[in-house]
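This is final-v8.cif (mmCIF, C-alpha atoms).
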```cif
data_structure
loop_
_atom_site.label_atom_id
_atom_site.label_comp_id
_atom_site.auth_asym_id
_atom_site.auth_seq_id
_atom_site.Cartn_x
_atom_site.Cartn_y
_atom_site.Cartn_z
CA MET A 130 10.32 -7.03 -26.73
CA SER A 131 9.79 -10.81 -26.96
CA VAL A 132 6.64 -12.40 -25.57
CA GLU A 133 8.30 -14.76 -23.10
CA PRO A 134 10.26 -12.19 -21.00
CA LEU A 135 7.16 -10.00 -20.76
CA ARG A 136 5.01 -12.93 -19.65
CA ALA A 137 7.62 -13.91 -17.07
CA ARG A 138 7.70 -10.39 -15.62
CA VAL A 139 3.91 -10.22 -15.36
CA ASP A 140 3.87 -13.66 -13.74
CA ARG A 141 6.46 -12.55 -11.17
CA VAL A 142 4.32 -9.56 -10.24
CA ALA A 143 1.30 -11.84 -9.82
CA ALA A 144 3.23 -14.30 -7.65
CA ASP A 145 4.80 -11.69 -5.36
CA ARG A 146 3.37 -12.01 -1.84
CA VAL A 147 6.15 -10.12 -0.05
CA SER A 148 6.53 -6.71 -1.72
CA GLY A 149 4.32 -3.77 -0.82
CA ALA A 150 2.17 -1.91 -3.32
CA SER A 151 4.68 0.91 -3.82
CA GLU A 152 7.46 -1.63 -4.52
CA LEU A 153 5.38 -3.56 -7.05
CA LEU A 154 4.37 -0.32 -8.72
CA VAL A 155 7.96 0.31 -9.88
CA GLU A 156 7.97 -2.92 -11.89
CA VAL A 157 4.42 -2.43 -13.17
CA LEU A 158 5.22 1.06 -14.46
CA SER A 159 8.26 -0.35 -16.23
CA ILE A 160 6.19 -3.13 -17.82
CA LEU A 161 3.47 -0.76 -19.01
CA SER A 162 6.02 1.72 -20.38
CA GLU A 163 7.69 -1.00 -22.43
CA VAL A 164 4.35 -2.34 -23.67
CA LEU A 165 3.38 1.11 -24.94
CA ARG A 166 6.82 1.84 -26.37
CA ASP A 167 7.01 -1.49 -28.24
CA GLU A 168 3.34 -1.31 -29.28
CA VAL A 169 2.49 -4.63 -27.67
CA PRO A 170 -1.30 -5.09 -27.23
CA LEU A 171 -2.02 -3.40 -23.90
CA GLN A 172 -5.30 -4.93 -22.77
CA PRO A 173 -4.09 -8.55 -22.28
CA VAL A 174 -1.13 -7.33 -20.22
CA ALA A 175 -3.31 -4.95 -18.21
CA ARG A 176 -5.84 -7.70 -17.52
CA ALA A 177 -3.11 -10.09 -16.34
CA LEU A 178 -1.65 -7.47 -14.00
CA LEU A 179 -5.01 -6.66 -12.42
CA ARG A 180 -5.93 -10.29 -11.99
CA GLY A 181 -2.53 -11.11 -10.55
CA GLN A 182 -2.69 -8.36 -7.89
CA PRO A 183 -6.41 -7.49 -7.67
CA SER A 184 -6.26 -5.56 -4.39
CA MET A 185 -3.45 -3.08 -5.00
CA ALA A 186 -4.77 0.33 -6.02
CA PRO A 187 -1.54 1.76 -7.53
CA LEU A 188 -1.58 -1.02 -10.13
CA TRP A 189 -5.20 -0.20 -11.01
CA ASN A 190 -4.40 3.48 -11.38
CA ALA A 191 -1.28 2.74 -13.43
CA VAL A 192 -3.31 0.57 -15.82
CA ARG A 193 -5.98 3.28 -16.04
CA ALA A 194 -3.30 5.86 -16.88
CA ALA A 195 -1.77 3.59 -19.52
CA LEU A 196 -5.15 3.00 -21.14
CA ALA A 197 -5.83 6.73 -21.20
CA ALA A 198 -2.33 7.72 -22.38
CA GLY A 199 -2.26 5.73 -25.58
CA SER A 200 1.45 6.35 -26.10
CA ALA A 201 4.71 5.80 -24.24
CA GLU A 202 5.48 9.52 -24.25
CA ALA A 203 2.17 10.46 -22.61
CA PHE A 204 2.51 7.65 -20.06
CA ASP A 205 6.03 8.82 -19.15
CA GLN A 206 4.44 11.93 -17.66
CA TYR A 207 2.46 9.72 -15.29
CA VAL A 208 5.62 7.80 -14.36
CA ARG A 209 7.47 11.02 -13.54
CA ARG A 210 4.57 12.26 -11.39
CA SER A 211 4.64 8.95 -9.53
CA GLU A 212 8.35 9.37 -8.80
CA ARG A 213 7.85 12.91 -7.49
CA ALA A 214 4.89 11.89 -5.31
CA ALA A 215 6.96 9.89 -2.83
CA ARG A 216 9.27 12.84 -2.19
CA ALA A 217 6.32 15.20 -1.71
CA LEU A 218 4.72 12.83 0.79
CA VAL A 219 7.88 12.78 2.89
CA ARG A 220 7.89 16.58 3.07
CA HIS A 221 4.30 16.69 4.27
CA ALA A 222 4.93 13.86 6.75
CA ALA A 223 7.90 15.63 8.30
CA ALA A 224 5.78 18.74 8.84
CA ILE A 225 3.04 16.96 10.79
CA LEU A 226 4.78 14.02 12.47
CA VAL A 227 7.49 16.00 14.23
CA GLU A 228 6.71 19.05 16.35
CA SER A 229 9.00 22.06 16.17
CA GLY A 230 12.04 21.49 18.35
CA GLN A 231 11.21 17.82 18.98
CA GLN A 232 14.36 15.74 18.68
CA SER A 233 13.21 12.28 19.76
CA VAL A 234 10.16 10.64 18.17
CA ALA A 235 8.57 7.20 18.69
CA PHE A 236 6.25 5.50 16.22
CA VAL A 237 4.50 2.16 15.87
CA THR A 238 3.91 0.46 12.52
CA ILE A 239 2.60 -2.85 11.23
CA SER A 240 3.69 -5.17 8.42
CA PHE A 241 5.94 -3.77 5.68
CA SER A 242 5.23 -0.50 3.91
CA GLY A 243 7.70 0.99 1.46
CA THR A 244 6.10 4.39 2.00
CA VAL A 245 6.46 4.21 5.79
CA LEU A 246 10.04 2.94 5.44
CA HIS A 247 10.99 5.74 3.04
CA THR A 248 9.49 8.32 5.40
CA MET A 249 11.24 6.91 8.47
CA ARG A 250 14.58 6.89 6.64
CA ALA A 251 14.13 10.55 5.80
CA LEU A 252 13.22 11.52 9.36
CA ALA A 253 16.10 9.51 10.80
CA GLY A 254 18.52 11.90 9.12
CA SER A 255 17.56 14.74 11.46
CA HIS A 256 15.89 13.15 14.50
CA SER A 257 16.41 10.44 17.07
CA LEU A 258 13.84 7.94 15.85
CA HIS A 259 12.42 4.85 17.53
CA VAL A 260 10.03 2.52 15.70
CA SER A 261 8.18 -0.48 17.10
CA CYS A 262 7.05 -3.15 14.63
CA SER A 263 6.09 -6.82 14.60
CA ASP A 264 6.56 -10.11 12.75
CA GLY A 265 3.86 -9.76 10.10
CA LEU A 266 2.76 -13.38 10.13
CA PRO A 267 2.50 -15.54 8.15
CA ALA A 268 4.97 -14.12 5.58
CA LEU A 269 7.08 -12.34 8.26
CA GLU A 270 7.46 -9.19 6.16
CA GLY A 271 7.56 -7.19 9.39
CA ARG A 272 11.02 -8.60 10.06
CA ARG A 273 12.19 -7.15 6.76
CA MET A 274 10.82 -3.81 7.94
CA ALA A 275 12.79 -4.09 11.18
CA GLU A 276 16.00 -5.01 9.37
CA GLN A 277 15.79 -2.15 6.91
CA LEU A 278 14.88 0.40 9.58
CA ALA A 279 17.83 -0.70 11.70
CA ALA A 280 20.13 -0.50 8.66
CA ALA A 281 18.99 3.12 8.23
CA GLY A 282 20.06 3.98 11.76
CA VAL A 283 16.60 3.80 13.33
CA SER A 284 16.25 2.33 16.83
CA VAL A 285 13.87 -0.63 16.52
CA THR A 286 11.90 -2.72 19.02
CA HIS A 287 10.37 -5.84 17.54
CA TYR A 288 7.24 -7.50 18.95
CA THR A 289 5.09 -10.49 18.13
CA ASP A 290 1.99 -9.46 16.22
CA ALA A 291 -0.28 -10.09 19.19
CA ALA A 292 1.90 -7.99 21.53
CA LEU A 293 2.39 -4.96 19.30
CA GLY A 294 -0.36 -3.02 21.07
CA HIS A 295 1.95 -2.73 24.09
CA ALA A 296 4.17 -0.41 22.05
CA LEU A 297 1.41 2.21 21.77
CA ALA A 298 1.99 3.47 25.32
CA GLY A 299 4.00 6.66 24.94
CA ALA A 300 4.11 6.52 21.13
CA ASP A 301 3.84 9.75 19.14
CA GLY A 302 1.79 8.05 16.45
CA LEU A 303 0.73 4.88 14.72
CA LEU A 304 1.88 4.93 11.08
CA VAL A 305 0.44 2.49 8.57
CA GLY A 306 0.65 2.07 4.83
CA ALA A 307 -2.19 1.10 2.53
CA ASP A 308 -2.70 -0.96 -0.59
CA ALA A 309 -5.86 0.99 -1.40
CA ILE A 310 -7.93 3.88 -0.05
CA SER A 311 -11.61 4.31 -0.82
CA PRO A 312 -13.99 7.03 0.41
CA ASP A 313 -14.99 4.74 3.29
CA TRP A 314 -12.04 2.51 4.17
CA PHE A 315 -8.39 1.75 3.58
CA LEU A 316 -6.93 -1.68 2.91
CA ASN A 317 -3.89 -2.97 4.79
CA LYS A 318 -2.48 -6.03 6.54
CA SER A 319 -4.83 -8.01 8.77
CA GLY A 320 -4.39 -6.81 12.32
CA THR A 321 -4.43 -3.15 11.30
CA ARG A 322 -8.04 -2.64 12.40
CA MET A 323 -7.43 -3.89 15.94
CA LEU A 324 -4.25 -1.84 16.26
CA VAL A 325 -6.04 1.30 15.04
CA ALA A 326 -8.82 0.69 17.58
CA ALA A 327 -6.26 0.25 20.37
CA ALA A 328 -4.53 3.48 19.35
CA GLY A 329 -7.86 5.30 19.47
CA GLN A 330 -8.53 4.03 22.98
CA GLN A 331 -5.14 5.33 24.12
CA GLY A 332 -5.34 8.67 22.36
CA VAL A 333 -2.51 7.89 19.95
CA PRO A 334 -2.97 9.59 16.55
CA VAL A 335 -3.23 7.27 13.55
CA TYR A 336 -1.80 8.32 10.18
CA VAL A 337 -2.12 6.46 6.90
CA LEU A 338 0.83 7.25 4.62
CA ALA A 339 -0.20 6.89 0.98
CA THR A 340 0.42 8.66 -2.30
CA ARG A 341 -2.61 9.60 -4.37
CA ASP A 342 -2.17 6.64 -6.71
CA LYS A 343 -3.62 4.53 -3.87
CA PHE A 344 -6.89 6.48 -3.87
CA LEU A 345 -9.85 4.89 -5.67
CA SER A 346 -13.35 6.07 -6.40
CA ARG A 347 -16.23 3.90 -5.22
CA ALA A 348 -16.81 2.83 -8.83
CA ILE A 349 -13.36 1.24 -8.97
CA ALA A 350 -12.97 0.25 -5.30
CA SER A 351 -16.03 -1.98 -5.51
CA HIS A 352 -14.16 -4.10 -8.08
CA LEU A 353 -11.12 -4.78 -5.92
CA GLU A 354 -10.76 -8.40 -4.94
CA VAL A 355 -9.12 -9.25 -1.61
CA ARG A 356 -8.13 -12.90 -1.64
CA ASP A 357 -7.20 -15.22 1.19
CA GLU A 358 -3.72 -16.64 0.90
CA GLY A 359 -2.88 -20.33 1.18
CA ALA A 360 -3.85 -22.03 4.42
CA ASP A 361 -0.56 -23.96 4.34
CA GLN A 362 1.27 -20.72 5.21
CA VAL A 363 -0.39 -20.91 8.62
CA TRP A 364 -0.74 -24.64 9.33
CA PRO A 365 0.54 -27.02 6.64
CA ALA A 366 -1.14 -30.16 8.02
CA PRO A 367 -4.05 -29.37 10.37
CA PRO A 368 -5.88 -32.30 11.97
CA PRO A 369 -9.21 -33.53 10.57
CA GLY A 370 -12.05 -31.16 11.46
CA VAL A 371 -9.85 -28.03 11.54
CA ARG A 372 -10.34 -25.50 8.74
CA VAL A 373 -7.55 -22.92 8.43
CA CYS A 374 -8.25 -19.41 7.09
CA ASN A 375 -5.54 -16.99 6.04
CA PRO A 376 -7.00 -13.54 5.23
CA CYS A 377 -3.87 -11.42 4.94
CA PHE A 378 -5.62 -8.09 4.30
CA GLU A 379 -8.56 -6.23 5.78
CA THR A 380 -10.31 -2.89 5.55
CA THR A 381 -10.35 -0.29 8.32
CA PRO A 382 -12.89 2.56 8.39
CA ILE A 383 -11.50 5.91 7.32
CA ASP A 384 -13.26 7.65 10.19
CA ALA A 385 -11.14 5.64 12.66
CA ILE A 386 -7.93 7.45 11.66
CA SER A 387 -6.57 10.94 12.32
CA ALA A 388 -5.50 11.75 8.76
CA VAL A 389 -4.06 10.47 5.50
CA ILE A 390 -0.66 11.95 4.70
CA SER A 391 -0.32 12.08 0.93
CA ASP A 392 1.72 13.82 -1.72
CA ALA A 393 -1.11 16.37 -1.92
CA GLY A 394 -0.85 17.20 1.77
CA VAL A 395 -2.52 16.09 4.98
CA LEU A 396 -6.13 15.01 4.50
CA GLY A 397 -8.48 14.66 7.44
CA ALA A 398 -10.88 11.72 7.28
CA GLY A 399 -13.63 14.02 6.03
CA LEU A 400 -11.59 15.05 2.97
CA VAL A 401 -10.67 11.58 1.80
CA ALA A 402 -13.93 11.05 -0.08
CA ASP A 403 -13.32 14.16 -2.19
CA ALA A 404 -9.79 13.03 -3.01
CA CYS A 405 -11.09 9.60 -4.04
CA SER A 406 -13.83 10.92 -6.30
CA SER A 407 -11.57 12.55 -8.89
CA VAL A 408 -12.06 9.64 -11.32
CA SER A 409 -15.52 9.68 -12.87
CA ARG A 410 -17.53 6.53 -13.48
CA ALA A 411 -17.17 7.03 -17.24
CA ALA A 412 -13.38 7.30 -16.97
CA ALA A 413 -13.29 4.18 -14.81
CA ARG A 414 -15.33 2.03 -17.21
CA PRO A 415 -12.44 0.86 -19.48
CA LEU A 416 -10.57 -0.25 -16.38
CA ILE A 417 -13.53 -2.05 -14.82
CA VAL A 418 -13.95 -4.10 -17.99
CA LEU A 419 -10.52 -5.62 -17.29
CA SER A 420 -11.14 -6.27 -13.58
CA PRO A 421 -11.06 -9.75 -12.00
CA ARG A 422 -14.82 -9.64 -11.51
CA ALA A 423 -15.50 -8.95 -15.18
CA SER A 424 -15.97 -11.95 -17.44
CA THR A 425 -12.91 -12.91 -19.49
CA PRO A 426 -13.51 -12.33 -23.20
#
```
Would you encode the structure as structure tokens?
Amino acid sequence: MSVEPLRARVDRVAADRVSGASELLVEVLSILSEVLRDEVPLQPVARALLRGQPSMAPLWNAVRAALAAGSAEAFDQYVRRSERAARALVRHAAAILVESGQQSVAFVTISFSGTVLHTMRALAGSHSLHVSCSDGLPALEGRRMAEQLAAAGVSVTHYTDAALGHALAGADGLLVGADAISPDWFLNKSGTRMLVAAAGQQGVPVYVLATRDKFLSRAIASHLEVRDEGADQVWPAPPPGVRVCNPCFETTPIDAISAVISDAGVLGAGLVADACSSVSRAAARPLIVLSPRASTP
């Protein structure tokens, strides 16, 4: 492997502001596999990946697994488990999201989530499915969600972001993805917290769909860095005296949701902390050294 193609791939991951965490993970796993196989120094690549996408838990867990594996063969086992996890999540989701004998189901979702999309595609094969989604300003990734759902045969109603709460009336559930899950919160697109609160007021169950590679212990979660995106995405030339903020991601309390549907099964809010604590502080230390908040050697 030459240095330039590897650097270009890492840079593309860092610059990607459209793909979801599960989409980016595919490329990151490929990069780490090649680094280990070709015996390229791992730490500089791992550091660049974490600093390029400092809020996406699957990348952190992939780097941790690569550091622990030490060889391409050992890391391949992690890659295979990651591939199986998505299929297991869909099985668990089908069991809880659709009641026995129910043929027509309506869901609401926000932004773009590869995990939610994959699950909806699977359910659409056996049920009449309707999904309401919204623009996903400022990057408009919600429109990509709508297009791909419609291409999969799902009936879609598209709203503006501000109006999406109207779709909750009569919905069977609010389904959201996550870039990270800690014992106390999950991280997703800004606007998620208000939508979750509105669902709670209307008695609509809220499910976070996430494989276990999005779970982080407190020791690691405290080192995530959630950055604001460029203000020019929102208002390229605001008048003097107007400051534009563009926080694209936010945390939502775990206790505000009904459950997390994962490849390990359905976890009530009270069980999430146990699932997140599987990585000890000692095991997390080599990863934390590479984090954006650690000083660069």
When you draw a straight line from CA of Asp167 (chain A) to CA of Lys343 (chain A), how long is it in Å? 27.3 Å
Counting only C-alpha atoms, the residue of A:Ala402, A:Ile225, A:Ile386, A:Ala177 that sits nearest Val335 (chain A):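 Among the listed residues, A:Ile386 lies closest to Val335 (chain A).
Remark: for Ala224 (chain A), the closest of the candidate residues A:Leu252, A:Ala150, A:Thr238, A:Gly306 is A:Leu252 (distances computed over only C-alpha atoms).
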Among A:Ala404, A:Cys377, A:Ile417, A:Leu278, Ser351 (chain A) is approached most closely, using only C-alpha atoms, by A:Ile417
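The space between CA of Leu324 (chain A) and CA of Ala388 (chain A) spans 15.6 Å.
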Please write as a PyMOL selection string the full residue list that the PyMOL selection byres ((chain A and resi 141) around 12) yields on this file. chain A and resi 134-140+142-148+153+156-157+160+177-178+181-182
I need the residues from that last selection saved to file as a PDB file, in the coordinates of the input (with C-alpha atoms), if you can.
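Result written to result32.pdb:
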```pdb
ATOM      1  CA  PRO A 134      10.260 -12.190 -21.000  1.00  0.00           C
ATOM      2  CA  LEU A 135       7.160 -10.000 -20.760  1.00  0.00           C
ATOM      3  CA  ARG A 136       5.010 -12.930 -19.650  1.00  0.00           C
ATOM      4  CA  ALA A 137       7.620 -13.910 -17.070  1.00  0.00           C
ATOM      5  CA  ARG A 138       7.700 -10.390 -15.620  1.00  0.00           C
ATOM      6  CA  VAL A 139       3.910 -10.220 -15.360  1.00  0.00           C
ATOM      7  CA  ASP A 140       3.870 -13.660 -13.740  1.00  0.00           C
ATOM      8  CA  VAL A 142       4.320  -9.560 -10.240  1.00  0.00           C
ATOM      9  CA  ALA A 143       1.300 -11.840  -9.820  1.00  0.00           C
ATOM     10  CA  ALA A 144       3.230 -14.300  -7.650  1.00  0.00           C
ATOM     11  CA  ASP A 145       4.800 -11.690  -5.360  1.00  0.00           C
ATOM     12  CA  ARG A 146       3.370 -12.010  -1.840  1.00  0.00           C
ATOM     13  CA  VAL A 147       6.150 -10.120  -0.050  1.00  0.00           C
ATOM     14  CA  SER A 148       6.530  -6.710  -1.720  1.00  0.00           C
ATOM     15  CA  LEU A 153       5.380  -3.560  -7.050  1.00  0.00           C
ATOM     16  CA  GLU A 156       7.970  -2.920 -11.890  1.00  0.00           C
ATOM     17  CA  VAL A 157       4.420  -2.430 -13.170  1.00  0.00           C
ATOM     18  CA  ILE A 160       6.190  -3.130 -17.820  1.00  0.00           C
ATOM     19  CA  ALA A 177      -3.110 -10.090 -16.340  1.00  0.00           C
ATOM     20  CA  LEU A 178      -1.650  -7.470 -14.000  1.00  0.00           C
ATOM     21  CA  GLY A 181      -2.530 -11.110 -10.550  1.00  0.00           C
ATOM     22  CA  GLN A 182      -2.690  -8.360  -7.890  1.00  0.00           C
TER      23      GLN A 182
END
```
Identify, on the basis of all atoms listed in the file, every residue whose closest approach to region 200-217 of chain A does not exceed 7 Å; exclude the query and any residue fewer than 6 positions from it along the same chain; express the result as a VMD selection string. chain A and resid 158 162 165 to 166 194 340 392
